[in-house]
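Source file query_1.cif; content: mmCIF, N, CA and C atoms.
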```cif
data_run
loop_
_atom_site.label_atom_id
_atom_site.label_comp_id
_atom_site.auth_asym_id
_atom_site.auth_seq_id
_atom_site.Cartn_x
_atom_site.Cartn_y
_atom_site.Cartn_z
N MET T 23 12.95 26.11 -48.80
CA MET T 23 11.58 26.03 -48.35
C MET T 23 11.56 25.87 -46.83
N GLU T 24 10.66 26.59 -46.21
CA GLU T 24 10.55 26.61 -44.76
C GLU T 24 9.90 25.32 -44.27
N SER T 25 10.36 24.81 -43.15
CA SER T 25 9.82 23.55 -42.65
C SER T 25 8.40 23.75 -42.12
N LEU T 26 7.66 22.68 -42.10
CA LEU T 26 6.27 22.71 -41.63
C LEU T 26 6.20 23.12 -40.17
N LYS T 27 7.17 22.69 -39.38
CA LYS T 27 7.19 23.03 -37.96
C LYS T 27 7.30 24.54 -37.77
N ASN T 28 8.17 25.18 -38.49
CA ASN T 28 8.32 26.64 -38.37
C ASN T 28 7.08 27.37 -38.83
N LYS T 29 6.43 26.89 -39.88
CA LYS T 29 5.18 27.50 -40.35
C LYS T 29 4.09 27.39 -39.28
N LEU T 30 4.02 26.23 -38.64
CA LEU T 30 3.02 26.02 -37.59
C LEU T 30 3.31 26.92 -36.39
N ILE T 31 4.57 27.07 -36.04
CA ILE T 31 4.95 27.94 -34.92
C ILE T 31 4.55 29.39 -35.21
N ARG T 32 4.82 29.85 -36.44
CA ARG T 32 4.43 31.21 -36.81
C ARG T 32 2.92 31.39 -36.82
N PHE T 33 2.19 30.37 -37.30
CA PHE T 33 0.73 30.44 -37.36
C PHE T 33 0.13 30.53 -35.95
N MET T 34 0.70 29.77 -35.00
CA MET T 34 0.13 29.72 -33.65
C MET T 34 0.61 30.88 -32.76
N ALA T 35 1.52 31.69 -33.24
CA ALA T 35 1.98 32.84 -32.45
C ALA T 35 0.82 33.79 -32.21
N GLY T 36 0.57 34.13 -30.94
CA GLY T 36 -0.52 35.04 -30.60
C GLY T 36 -1.85 34.35 -30.46
N ARG T 37 -1.89 33.03 -30.56
CA ARG T 37 -3.13 32.28 -30.40
C ARG T 37 -3.10 31.57 -29.06
N TYR T 38 -4.27 31.15 -28.58
CA TYR T 38 -4.37 30.62 -27.22
C TYR T 38 -3.74 29.25 -27.07
N GLY T 39 -4.06 28.32 -27.92
CA GLY T 39 -3.47 26.99 -27.83
C GLY T 39 -4.30 26.02 -27.00
N ILE T 40 -3.63 25.05 -26.38
CA ILE T 40 -4.30 23.95 -25.70
C ILE T 40 -4.20 24.15 -24.19
N ASP T 41 -5.32 23.87 -23.48
CA ASP T 41 -5.32 23.94 -22.02
C ASP T 41 -6.15 22.77 -21.47
N GLN T 42 -6.43 22.80 -20.16
CA GLN T 42 -7.14 21.70 -19.51
C GLN T 42 -8.58 21.58 -20.02
N LEU T 43 -9.25 22.71 -20.28
CA LEU T 43 -10.61 22.67 -20.80
C LEU T 43 -10.63 22.03 -22.19
N TYR T 44 -9.61 22.26 -22.97
CA TYR T 44 -9.49 21.65 -24.29
C TYR T 44 -9.45 20.12 -24.17
N TYR T 45 -8.58 19.63 -23.26
CA TYR T 45 -8.48 18.18 -23.07
C TYR T 45 -9.79 17.60 -22.53
N ALA T 46 -10.42 18.30 -21.60
CA ALA T 46 -11.69 17.81 -21.05
C ALA T 46 -12.77 17.74 -22.13
N GLY T 47 -12.80 18.75 -22.99
CA GLY T 47 -13.77 18.75 -24.09
C GLY T 47 -13.52 17.61 -25.06
N LEU T 48 -12.25 17.34 -25.37
CA LEU T 48 -11.95 16.24 -26.28
C LEU T 48 -12.29 14.88 -25.66
N PHE T 49 -12.02 14.71 -24.35
CA PHE T 49 -12.40 13.46 -23.69
C PHE T 49 -13.92 13.31 -23.63
N LEU T 50 -14.63 14.42 -23.43
CA LEU T 50 -16.09 14.38 -23.46
C LEU T 50 -16.59 13.96 -24.83
N ALA T 51 -16.01 14.53 -25.88
CA ALA T 51 -16.40 14.18 -27.24
C ALA T 51 -16.09 12.71 -27.54
N LEU T 52 -14.94 12.24 -27.08
CA LEU T 52 -14.57 10.84 -27.27
C LEU T 52 -15.56 9.92 -26.55
N GLY T 53 -15.93 10.27 -25.32
CA GLY T 53 -16.92 9.48 -24.59
C GLY T 53 -18.27 9.47 -25.30
N LEU T 54 -18.69 10.63 -25.80
CA LEU T 54 -19.96 10.69 -26.54
C LEU T 54 -19.90 9.85 -27.81
N MET T 55 -18.75 9.85 -28.47
CA MET T 55 -18.61 9.03 -29.68
C MET T 55 -18.68 7.55 -29.35
N MET T 56 -18.08 7.15 -28.23
CA MET T 56 -18.14 5.73 -27.85
C MET T 56 -19.56 5.31 -27.50
N ILE T 57 -20.28 6.19 -26.80
CA ILE T 57 -21.69 5.90 -26.50
C ILE T 57 -22.48 5.85 -27.79
N ASN T 58 -22.17 6.76 -28.70
CA ASN T 58 -22.88 6.80 -29.98
C ASN T 58 -22.65 5.52 -30.79
N MET T 59 -21.49 4.89 -30.64
CA MET T 59 -21.24 3.64 -31.36
C MET T 59 -22.21 2.55 -30.92
N MET T 60 -22.63 2.58 -29.65
CA MET T 60 -23.58 1.58 -29.16
C MET T 60 -25.02 1.97 -29.44
N VAL T 61 -25.33 3.27 -29.31
CA VAL T 61 -26.71 3.73 -29.43
C VAL T 61 -27.06 4.11 -30.87
N ASN T 62 -26.08 4.62 -31.62
CA ASN T 62 -26.26 5.07 -33.00
C ASN T 62 -27.30 6.19 -33.10
N SER T 63 -27.01 7.29 -32.43
CA SER T 63 -27.90 8.44 -32.40
C SER T 63 -27.29 9.61 -33.17
N THR T 64 -28.10 10.23 -34.00
CA THR T 64 -27.64 11.38 -34.78
C THR T 64 -27.37 12.57 -33.86
N ILE T 65 -28.16 12.71 -32.82
CA ILE T 65 -28.02 13.83 -31.89
C ILE T 65 -26.66 13.76 -31.18
N LEU T 66 -26.29 12.56 -30.71
CA LEU T 66 -24.99 12.40 -30.05
C LEU T 66 -23.84 12.68 -31.01
N MET T 67 -23.99 12.28 -32.26
CA MET T 67 -22.95 12.53 -33.24
C MET T 67 -22.78 14.03 -33.47
N VAL T 68 -23.88 14.75 -33.58
CA VAL T 68 -23.82 16.20 -33.80
C VAL T 68 -23.21 16.90 -32.58
N ILE T 69 -23.61 16.47 -31.38
CA ILE T 69 -23.07 17.09 -30.17
C ILE T 69 -21.57 16.83 -30.05
N SER T 70 -21.13 15.59 -30.27
CA SER T 70 -19.70 15.28 -30.15
C SER T 70 -18.89 16.03 -31.19
N ASN T 71 -19.37 16.11 -32.42
CA ASN T 71 -18.66 16.87 -33.45
C ASN T 71 -18.65 18.36 -33.12
N GLY T 72 -19.75 18.87 -32.56
CA GLY T 72 -19.80 20.27 -32.16
C GLY T 72 -18.80 20.59 -31.06
N VAL T 73 -18.64 19.67 -30.09
CA VAL T 73 -17.67 19.88 -29.02
C VAL T 73 -16.26 19.91 -29.60
N ILE T 74 -15.96 19.01 -30.53
CA ILE T 74 -14.63 18.99 -31.15
C ILE T 74 -14.36 20.30 -31.89
N VAL T 75 -15.32 20.76 -32.68
CA VAL T 75 -15.15 22.02 -33.42
C VAL T 75 -14.96 23.18 -32.46
N LEU T 76 -15.74 23.21 -31.38
CA LEU T 76 -15.62 24.27 -30.39
C LEU T 76 -14.24 24.28 -29.74
N MET T 77 -13.72 23.11 -29.42
CA MET T 77 -12.39 23.04 -28.79
C MET T 77 -11.29 23.48 -29.76
N VAL T 78 -11.41 23.11 -31.02
CA VAL T 78 -10.41 23.53 -32.01
C VAL T 78 -10.47 25.04 -32.20
N LEU T 79 -11.67 25.61 -32.26
CA LEU T 79 -11.79 27.06 -32.40
C LEU T 79 -11.26 27.78 -31.18
N ARG T 80 -11.45 27.21 -29.97
CA ARG T 80 -10.86 27.80 -28.75
C ARG T 80 -9.34 27.81 -28.87
N GLY T 81 -8.76 26.72 -29.38
CA GLY T 81 -7.30 26.64 -29.51
C GLY T 81 -6.73 27.66 -30.48
N PHE T 82 -7.48 28.00 -31.51
CA PHE T 82 -7.00 28.95 -32.51
C PHE T 82 -7.38 30.40 -32.20
N SER T 83 -8.09 30.62 -31.10
CA SER T 83 -8.58 31.95 -30.76
C SER T 83 -7.43 32.89 -30.42
N ARG T 84 -7.60 34.15 -30.79
CA ARG T 84 -6.61 35.17 -30.45
C ARG T 84 -7.03 35.96 -29.19
N ASN T 85 -8.23 35.69 -28.69
CA ASN T 85 -8.72 36.36 -27.48
C ASN T 85 -8.23 35.57 -26.26
N ILE T 86 -6.98 35.78 -25.91
CA ILE T 86 -6.32 34.98 -24.88
C ILE T 86 -6.93 35.21 -23.50
N SER T 87 -7.28 36.46 -23.17
CA SER T 87 -7.81 36.74 -21.83
C SER T 87 -9.14 36.04 -21.60
N ARG T 88 -10.01 36.05 -22.58
CA ARG T 88 -11.31 35.38 -22.42
C ARG T 88 -11.14 33.86 -22.32
N ARG T 89 -10.25 33.27 -23.12
CA ARG T 89 -10.01 31.81 -23.05
C ARG T 89 -9.42 31.43 -21.70
N ARG T 90 -8.53 32.29 -21.18
CA ARG T 90 -7.93 32.02 -19.87
C ARG T 90 -8.99 32.05 -18.77
N MET T 91 -9.92 33.01 -18.86
CA MET T 91 -10.99 33.08 -17.86
C MET T 91 -11.92 31.87 -17.96
N GLU T 92 -12.20 31.40 -19.17
CA GLU T 92 -13.01 30.18 -19.33
C GLU T 92 -12.31 29.00 -18.67
N ASN T 93 -11.01 28.89 -18.89
CA ASN T 93 -10.25 27.79 -18.30
C ASN T 93 -10.23 27.89 -16.78
N GLU T 94 -10.10 29.10 -16.22
CA GLU T 94 -10.11 29.27 -14.77
C GLU T 94 -11.45 28.86 -14.17
N LYS T 95 -12.55 29.21 -14.83
CA LYS T 95 -13.88 28.80 -14.34
C LYS T 95 -14.01 27.28 -14.37
N PHE T 96 -13.52 26.68 -15.44
CA PHE T 96 -13.55 25.22 -15.53
C PHE T 96 -12.73 24.59 -14.41
N LEU T 97 -11.55 25.12 -14.15
CA LEU T 97 -10.68 24.56 -13.12
C LEU T 97 -11.27 24.73 -11.72
N LYS T 98 -12.03 25.81 -11.48
CA LYS T 98 -12.70 25.98 -10.19
C LYS T 98 -13.72 24.86 -9.97
N LEU T 99 -14.34 24.39 -11.03
CA LEU T 99 -15.28 23.27 -10.91
C LEU T 99 -14.56 21.93 -10.88
N TRP T 100 -13.49 21.80 -11.65
CA TRP T 100 -12.84 20.51 -11.84
C TRP T 100 -11.91 20.13 -10.69
N ASN T 101 -11.17 21.07 -10.14
CA ASN T 101 -10.17 20.74 -9.12
C ASN T 101 -10.75 20.08 -7.87
N PRO T 102 -11.90 20.52 -7.31
CA PRO T 102 -12.45 19.79 -6.16
C PRO T 102 -12.85 18.36 -6.51
N ILE T 103 -13.38 18.14 -7.71
CA ILE T 103 -13.75 16.79 -8.14
C ILE T 103 -12.50 15.93 -8.27
N LYS T 104 -11.46 16.49 -8.84
CA LYS T 104 -10.19 15.78 -9.01
C LYS T 104 -9.58 15.43 -7.66
N LYS T 105 -9.65 16.36 -6.71
CA LYS T 105 -9.11 16.13 -5.37
C LYS T 105 -9.85 14.98 -4.68
N GLU T 106 -11.18 14.99 -4.74
CA GLU T 106 -11.97 13.92 -4.11
C GLU T 106 -11.67 12.57 -4.77
N GLY T 107 -11.47 12.56 -6.07
CA GLY T 107 -11.12 11.32 -6.77
C GLY T 107 -9.77 10.78 -6.33
N ARG T 108 -8.80 11.67 -6.17
CA ARG T 108 -7.47 11.24 -5.71
C ARG T 108 -7.55 10.67 -4.31
N ILE T 109 -8.30 11.34 -3.43
CA ILE T 109 -8.44 10.85 -2.05
C ILE T 109 -9.12 9.49 -2.05
N PHE T 110 -10.16 9.32 -2.86
CA PHE T 110 -10.89 8.06 -2.93
C PHE T 110 -9.97 6.91 -3.37
N PHE T 111 -9.21 7.14 -4.44
CA PHE T 111 -8.33 6.07 -4.94
C PHE T 111 -7.16 5.81 -4.00
N ARG T 112 -6.69 6.84 -3.29
CA ARG T 112 -5.63 6.62 -2.32
C ARG T 112 -6.14 5.79 -1.15
N ARG T 113 -7.39 6.02 -0.74
CA ARG T 113 -7.99 5.22 0.32
C ARG T 113 -8.09 3.76 -0.10
N ILE T 114 -8.48 3.52 -1.33
CA ILE T 114 -8.58 2.14 -1.82
C ILE T 114 -7.20 1.51 -1.87
N LYS T 115 -6.20 2.25 -2.33
CA LYS T 115 -4.85 1.72 -2.44
C LYS T 115 -4.26 1.37 -1.07
N GLU T 116 -4.58 2.15 -0.05
CA GLU T 116 -4.01 1.95 1.27
C GLU T 116 -4.94 1.19 2.22
N ILE T 117 -5.91 0.48 1.69
CA ILE T 117 -6.91 -0.16 2.55
C ILE T 117 -6.32 -1.25 3.43
N ARG T 118 -5.22 -1.85 3.04
CA ARG T 118 -4.58 -2.89 3.86
C ARG T 118 -3.71 -2.32 4.97
N VAL T 119 -3.37 -1.04 4.88
CA VAL T 119 -2.41 -0.46 5.80
C VAL T 119 -3.05 0.58 6.73
N HIS T 120 -3.99 1.37 6.22
CA HIS T 120 -4.56 2.48 6.98
C HIS T 120 -6.09 2.47 6.92
N ARG T 121 -6.69 3.10 7.93
CA ARG T 121 -8.13 3.36 7.94
C ARG T 121 -8.32 4.87 8.10
N TYR T 122 -9.37 5.38 7.53
CA TYR T 122 -9.68 6.80 7.61
C TYR T 122 -10.94 6.97 8.44
N ARG T 123 -10.85 7.82 9.45
CA ARG T 123 -11.99 8.11 10.31
C ARG T 123 -12.08 9.62 10.51
N LYS T 124 -13.29 10.12 10.73
CA LYS T 124 -13.50 11.54 10.99
C LYS T 124 -13.55 11.78 12.48
N CYS T 125 -12.94 12.86 12.90
CA CYS T 125 -13.00 13.26 14.30
C CYS T 125 -14.43 13.76 14.57
N PRO T 126 -15.09 13.26 15.61
CA PRO T 126 -16.47 13.70 15.89
C PRO T 126 -16.55 15.16 16.36
N HIS T 127 -15.43 15.73 16.79
CA HIS T 127 -15.44 17.09 17.32
C HIS T 127 -15.17 18.13 16.24
N CYS T 128 -14.09 17.95 15.47
CA CYS T 128 -13.72 18.97 14.48
C CYS T 128 -13.99 18.52 13.03
N LYS T 129 -14.41 17.28 12.85
CA LYS T 129 -14.78 16.73 11.53
C LYS T 129 -13.61 16.59 10.57
N LYS T 130 -12.38 16.63 11.07
CA LYS T 130 -11.20 16.43 10.23
C LYS T 130 -11.02 14.93 9.98
N THR T 131 -10.64 14.55 8.77
CA THR T 131 -10.39 13.16 8.44
C THR T 131 -9.00 12.76 8.89
N LEU T 132 -8.92 11.69 9.65
CA LEU T 132 -7.65 11.22 10.19
C LEU T 132 -7.25 9.93 9.50
N LYS T 133 -5.98 9.79 9.20
CA LYS T 133 -5.42 8.58 8.60
C LYS T 133 -4.78 7.78 9.74
N LEU T 134 -5.38 6.64 10.05
CA LEU T 134 -4.97 5.85 11.21
C LEU T 134 -4.38 4.52 10.77
N PRO T 135 -3.31 4.06 11.46
CA PRO T 135 -2.80 2.72 11.16
C PRO T 135 -3.81 1.68 11.66
N ILE T 136 -3.79 0.52 11.03
CA ILE T 136 -4.74 -0.54 11.42
C ILE T 136 -4.29 -1.15 12.73
N LYS T 137 -5.13 -1.01 13.74
CA LYS T 137 -4.99 -1.71 15.02
C LYS T 137 -6.37 -2.28 15.29
N ARG T 138 -6.53 -3.56 15.11
CA ARG T 138 -7.85 -4.17 15.21
C ARG T 138 -8.40 -4.03 16.62
N GLY T 139 -9.71 -3.90 16.69
CA GLY T 139 -10.38 -3.75 17.98
C GLY T 139 -10.72 -2.30 18.25
N LYS T 140 -10.96 -2.02 19.54
CA LYS T 140 -11.33 -0.66 19.94
C LYS T 140 -10.09 0.07 20.44
N ASN T 141 -9.84 1.26 19.90
CA ASN T 141 -8.65 2.04 20.23
C ASN T 141 -9.04 3.46 20.59
N MET T 142 -8.21 4.09 21.41
CA MET T 142 -8.38 5.51 21.72
C MET T 142 -7.45 6.31 20.80
N VAL T 143 -8.00 7.32 20.16
CA VAL T 143 -7.25 8.13 19.21
C VAL T 143 -7.34 9.59 19.66
N LYS T 144 -6.22 10.30 19.55
CA LYS T 144 -6.19 11.72 19.87
C LYS T 144 -6.06 12.51 18.57
N CYS T 145 -7.01 13.37 18.33
CA CYS T 145 -7.01 14.19 17.10
C CYS T 145 -5.89 15.22 17.18
N PRO T 146 -5.02 15.29 16.16
CA PRO T 146 -3.93 16.28 16.19
C PRO T 146 -4.42 17.71 16.00
N GLU T 147 -5.63 17.87 15.48
CA GLU T 147 -6.17 19.20 15.20
C GLU T 147 -6.78 19.84 16.45
N CYS T 148 -7.72 19.10 17.10
CA CYS T 148 -8.45 19.68 18.23
C CYS T 148 -8.01 19.09 19.58
N LYS T 149 -7.11 18.12 19.55
CA LYS T 149 -6.53 17.49 20.75
C LYS T 149 -7.56 16.73 21.60
N GLU T 150 -8.69 16.37 21.03
CA GLU T 150 -9.72 15.59 21.73
C GLU T 150 -9.47 14.11 21.49
N SER T 151 -9.73 13.30 22.50
CA SER T 151 -9.59 11.85 22.38
C SER T 151 -10.97 11.25 22.13
N PHE T 152 -11.00 10.19 21.29
CA PHE T 152 -12.25 9.49 21.03
C PHE T 152 -11.93 8.04 20.68
N ALA T 153 -12.94 7.21 20.83
CA ALA T 153 -12.76 5.77 20.58
C ALA T 153 -13.02 5.46 19.12
N VAL T 154 -12.16 4.59 18.57
CA VAL T 154 -12.29 4.15 17.19
C VAL T 154 -12.32 2.63 17.19
N ARG T 155 -13.24 2.07 16.43
CA ARG T 155 -13.32 0.63 16.33
C ARG T 155 -12.97 0.22 14.90
N VAL T 156 -11.95 -0.64 14.77
CA VAL T 156 -11.52 -1.14 13.48
C VAL T 156 -11.85 -2.62 13.43
N ILE T 157 -12.72 -3.02 12.52
CA ILE T 157 -13.15 -4.42 12.43
C ILE T 157 -12.19 -5.21 11.55
N VAL T 158 -11.97 -4.75 10.34
CA VAL T 158 -11.10 -5.50 9.42
C VAL T 158 -9.95 -4.66 8.99
#
```

Transcribe the structure of this file into structure tokens.
Amino acid sequence: MESLKNKLIRFMAGRYGIDQLYYAGLFLALGLMMINMMVNSTILMVISNGVIVLMVLRGFSRNISRRRMENEKFLKLWNPIKKEGRIFFRRIKEIRVHRYRKCPHCKKTLKLPIKRGKNMVKCPECKESFAVRVIV
């Protein structure tokens, strides 16, 4: 008798499988379910179950090119949000060591070491000098 793993591998051959949009949809459904536990709404339950069914059907789809394009559109929206989140949390993590200031000339964000008081900083991008005040 053939093992379950081999049967699953043969079944999934030629199917799209799991991608980032799949995970995002499942996390969305999980979040809706948690909200539904507090609110107890039939609408939220139907929406969360619908998202789960949609993600499972996407995973089993044989139309790989269309699923790939859906994932690319999602990533075009998601990657800038993810980048801003990483920058935000890195700023919080490094708050004792560095300060971030924007150059008034070229608007580039500069990562500066903490030197309390008023300091002159030279932007590496536009080579302009400007005063920076670090309080804490």

*asked:* Applying the PyMOL selection byres ((chain T and resi 39) around 6.5) to the file I just gave you, which residues come out? Please list them as a VMD selection string.
replied: chain T and resid 37 to 38 40 to 41 80 to 83

*Find the residues around region 133-145 of chain T up to 5 Å (all atoms listed in the file counted), leave out those fewer than 6 positions away in its own chain, and share them as a VMD selection string.*
chain T and resid 119 to 122 151 to 156

*So which residues touch Ala51 (chain T) within 8 Å, counting only C-alpha atoms, skipping near sequence neighbours fewer than 3 positions away, as a PyMOL selection string?*
chain T and resi 47-48+54-55+69-71+73-74

Go ahead and save the picked residues with N, CA and C atoms, as a compact mmCIF listing (two decimals), in the coordinates of the input.
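File written: selection01.txt
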```txt
# COMPACT_ATOMS: atom_id res chain seq x y z
N GLY T 47 -12.80 18.75 -22.99
CA GLY T 47 -13.77 18.75 -24.09
C GLY T 47 -13.52 17.61 -25.06
N LEU T 48 -12.25 17.34 -25.37
CA LEU T 48 -11.95 16.24 -26.28
C LEU T 48 -12.29 14.88 -25.66
N LEU T 54 -18.69 10.63 -25.80
CA LEU T 54 -19.96 10.69 -26.54
C LEU T 54 -19.90 9.85 -27.81
N MET T 55 -18.75 9.85 -28.47
CA MET T 55 -18.61 9.03 -29.68
C MET T 55 -18.68 7.55 -29.35
N ILE T 69 -23.61 16.47 -31.38
CA ILE T 69 -23.07 17.09 -30.17
C ILE T 69 -21.57 16.83 -30.05
N SER T 70 -21.13 15.59 -30.27
CA SER T 70 -19.70 15.28 -30.15
C SER T 70 -18.89 16.03 -31.19
N ASN T 71 -19.37 16.11 -32.42
CA ASN T 71 -18.66 16.87 -33.45
C ASN T 71 -18.65 18.36 -33.12
N VAL T 73 -18.64 19.67 -30.09
CA VAL T 73 -17.67 19.88 -29.02
C VAL T 73 -16.26 19.91 -29.60
N ILE T 74 -15.96 19.01 -30.53
CA ILE T 74 -14.63 18.99 -31.15
C ILE T 74 -14.36 20.30 -31.89
```

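In this structure, atom N of Glu92 (chain T) sits 24.7 Å away from CA of Arg108 (chain T).
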
Using the chain letters and numbers from this document, which residues of region 36-158 of chain T does DSSP assign to strand (DSSP E or B), as a PDB file with N, CA and C atoms, in the frame of the given file?
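And here is the file that came out, selection-v5.pdb:
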```pdb
ATOM      1  N   HIS T 120      -3.990   1.370   6.220  1.00  0.00           N
ATOM      2  CA  HIS T 120      -4.560   2.480   6.980  1.00  0.00           C
ATOM      3  C   HIS T 120      -6.090   2.470   6.920  1.00  0.00           C
ATOM      4  N   ARG T 121      -6.690   3.100   7.930  1.00  0.00           N
ATOM      5  CA  ARG T 121      -8.130   3.360   7.940  1.00  0.00           C
ATOM      6  C   ARG T 121      -8.320   4.870   8.100  1.00  0.00           C
ATOM      7  N   TYR T 122      -9.370   5.380   7.530  1.00  0.00           N
ATOM      8  CA  TYR T 122      -9.680   6.800   7.610  1.00  0.00           C
ATOM      9  C   TYR T 122     -10.940   6.970   8.440  1.00  0.00           C
ATOM     10  N   ARG T 123     -10.850   7.820   9.450  1.00  0.00           N
ATOM     11  CA  ARG T 123     -11.990   8.110  10.310  1.00  0.00           C
ATOM     12  C   ARG T 123     -12.080   9.620  10.510  1.00  0.00           C
ATOM     13  N   LYS T 124     -13.290  10.120  10.730  1.00  0.00           N
ATOM     14  CA  LYS T 124     -13.500  11.540  10.990  1.00  0.00           C
ATOM     15  C   LYS T 124     -13.550  11.780  12.480  1.00  0.00           C
ATOM     16  N   THR T 131     -10.640  14.550   8.770  1.00  0.00           N
ATOM     17  CA  THR T 131     -10.390  13.160   8.440  1.00  0.00           C
ATOM     18  C   THR T 131      -9.000  12.760   8.890  1.00  0.00           C
ATOM     19  N   LEU T 132      -8.920  11.690   9.650  1.00  0.00           N
ATOM     20  CA  LEU T 132      -7.650  11.220  10.190  1.00  0.00           C
ATOM     21  C   LEU T 132      -7.250   9.930   9.500  1.00  0.00           C
ATOM     22  N   LYS T 133      -5.980   9.790   9.200  1.00  0.00           N
ATOM     23  CA  LYS T 133      -5.420   8.580   8.600  1.00  0.00           C
ATOM     24  C   LYS T 133      -4.780   7.780   9.740  1.00  0.00           C
ATOM     25  N   LEU T 134      -5.380   6.640  10.050  1.00  0.00           N
ATOM     26  CA  LEU T 134      -4.970   5.850  11.210  1.00  0.00           C
ATOM     27  C   LEU T 134      -4.380   4.520  10.770  1.00  0.00           C
ATOM     28  N   PRO T 135      -3.310   4.060  11.460  1.00  0.00           N
ATOM     29  CA  PRO T 135      -2.800   2.720  11.160  1.00  0.00           C
ATOM     30  C   PRO T 135      -3.810   1.680  11.660  1.00  0.00           C
ATOM     31  N   GLY T 139      -9.710  -3.900  16.690  1.00  0.00           N
ATOM     32  CA  GLY T 139     -10.380  -3.750  17.980  1.00  0.00           C
ATOM     33  C   GLY T 139     -10.720  -2.300  18.250  1.00  0.00           C
ATOM     34  N   LYS T 140     -10.960  -2.020  19.540  1.00  0.00           N
ATOM     35  CA  LYS T 140     -11.330  -0.660  19.940  1.00  0.00           C
ATOM     36  C   LYS T 140     -10.090   0.070  20.440  1.00  0.00           C
ATOM     37  N   ASN T 141      -9.840   1.260  19.900  1.00  0.00           N
ATOM     38  CA  ASN T 141      -8.650   2.040  20.230  1.00  0.00           C
ATOM     39  C   ASN T 141      -9.040   3.460  20.590  1.00  0.00           C
ATOM     40  N   MET T 142      -8.210   4.090  21.410  1.00  0.00           N
ATOM     41  CA  MET T 142      -8.380   5.510  21.720  1.00  0.00           C
ATOM     42  C   MET T 142      -7.450   6.310  20.800  1.00  0.00           C
ATOM     43  N   VAL T 143      -8.000   7.320  20.160  1.00  0.00           N
ATOM     44  CA  VAL T 143      -7.250   8.130  19.210  1.00  0.00           C
ATOM     45  C   VAL T 143      -7.340   9.590  19.660  1.00  0.00           C
ATOM     46  N   LYS T 144      -6.220  10.300  19.550  1.00  0.00           N
ATOM     47  CA  LYS T 144      -6.190  11.720  19.870  1.00  0.00           C
ATOM     48  C   LYS T 144      -6.060  12.510  18.570  1.00  0.00           C
ATOM     49  N   SER T 151      -9.730  13.300  22.500  1.00  0.00           N
ATOM     50  CA  SER T 151      -9.590  11.850  22.380  1.00  0.00           C
ATOM     51  C   SER T 151     -10.970  11.250  22.130  1.00  0.00           C
ATOM     52  N   PHE T 152     -11.000  10.190  21.290  1.00  0.00           N
ATOM     53  CA  PHE T 152     -12.250   9.490  21.030  1.00  0.00           C
ATOM     54  C   PHE T 152     -11.930   8.040  20.680  1.00  0.00           C
ATOM     55  N   ALA T 153     -12.940   7.210  20.830  1.00  0.00           N
ATOM     56  CA  ALA T 153     -12.760   5.770  20.580  1.00  0.00           C
ATOM     57  C   ALA T 153     -13.020   5.460  19.120  1.00  0.00           C
ATOM     58  N   VAL T 154     -12.160   4.590  18.570  1.00  0.00           N
ATOM     59  CA  VAL T 154     -12.290   4.150  17.190  1.00  0.00           C
ATOM     60  C   VAL T 154     -12.320   2.630  17.190  1.00  0.00           C
ATOM     61  N   ARG T 155     -13.240   2.070  16.430  1.00  0.00           N
ATOM     62  CA  ARG T 155     -13.320   0.630  16.330  1.00  0.00           C
ATOM     63  C   ARG T 155     -12.970   0.220  14.900  1.00  0.00           C
ATOM     64  N   VAL T 156     -11.950  -0.640  14.770  1.00  0.00           N
ATOM     65  CA  VAL T 156     -11.520  -1.140  13.480  1.00  0.00           C
ATOM     66  C   VAL T 156     -11.850  -2.620  13.430  1.00  0.00           C
TER      67      VAL T 156
END
```

*Name all residues at most 12 Å from Lys149 (chain T) (count only C-alpha atoms; drop same-chain ones fewer than 6 positions away) and give them as a list in words.*
Cys125, Pro126, His127, Cys128, Lys130 and Val143 of chain T

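Considering the residues T:Lys95, T:Arg89, T:Arg32, T:Arg118 and counting only C-alpha atoms, Leu76 (chain T) has its shortest atom-to-atom contact with T:Arg89.
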
*Expressed in Å to a single decimal, how great is the separation between atom C of Glu147 (chain T) and atom C of Arg123 (chain T)?*
13.0 Å
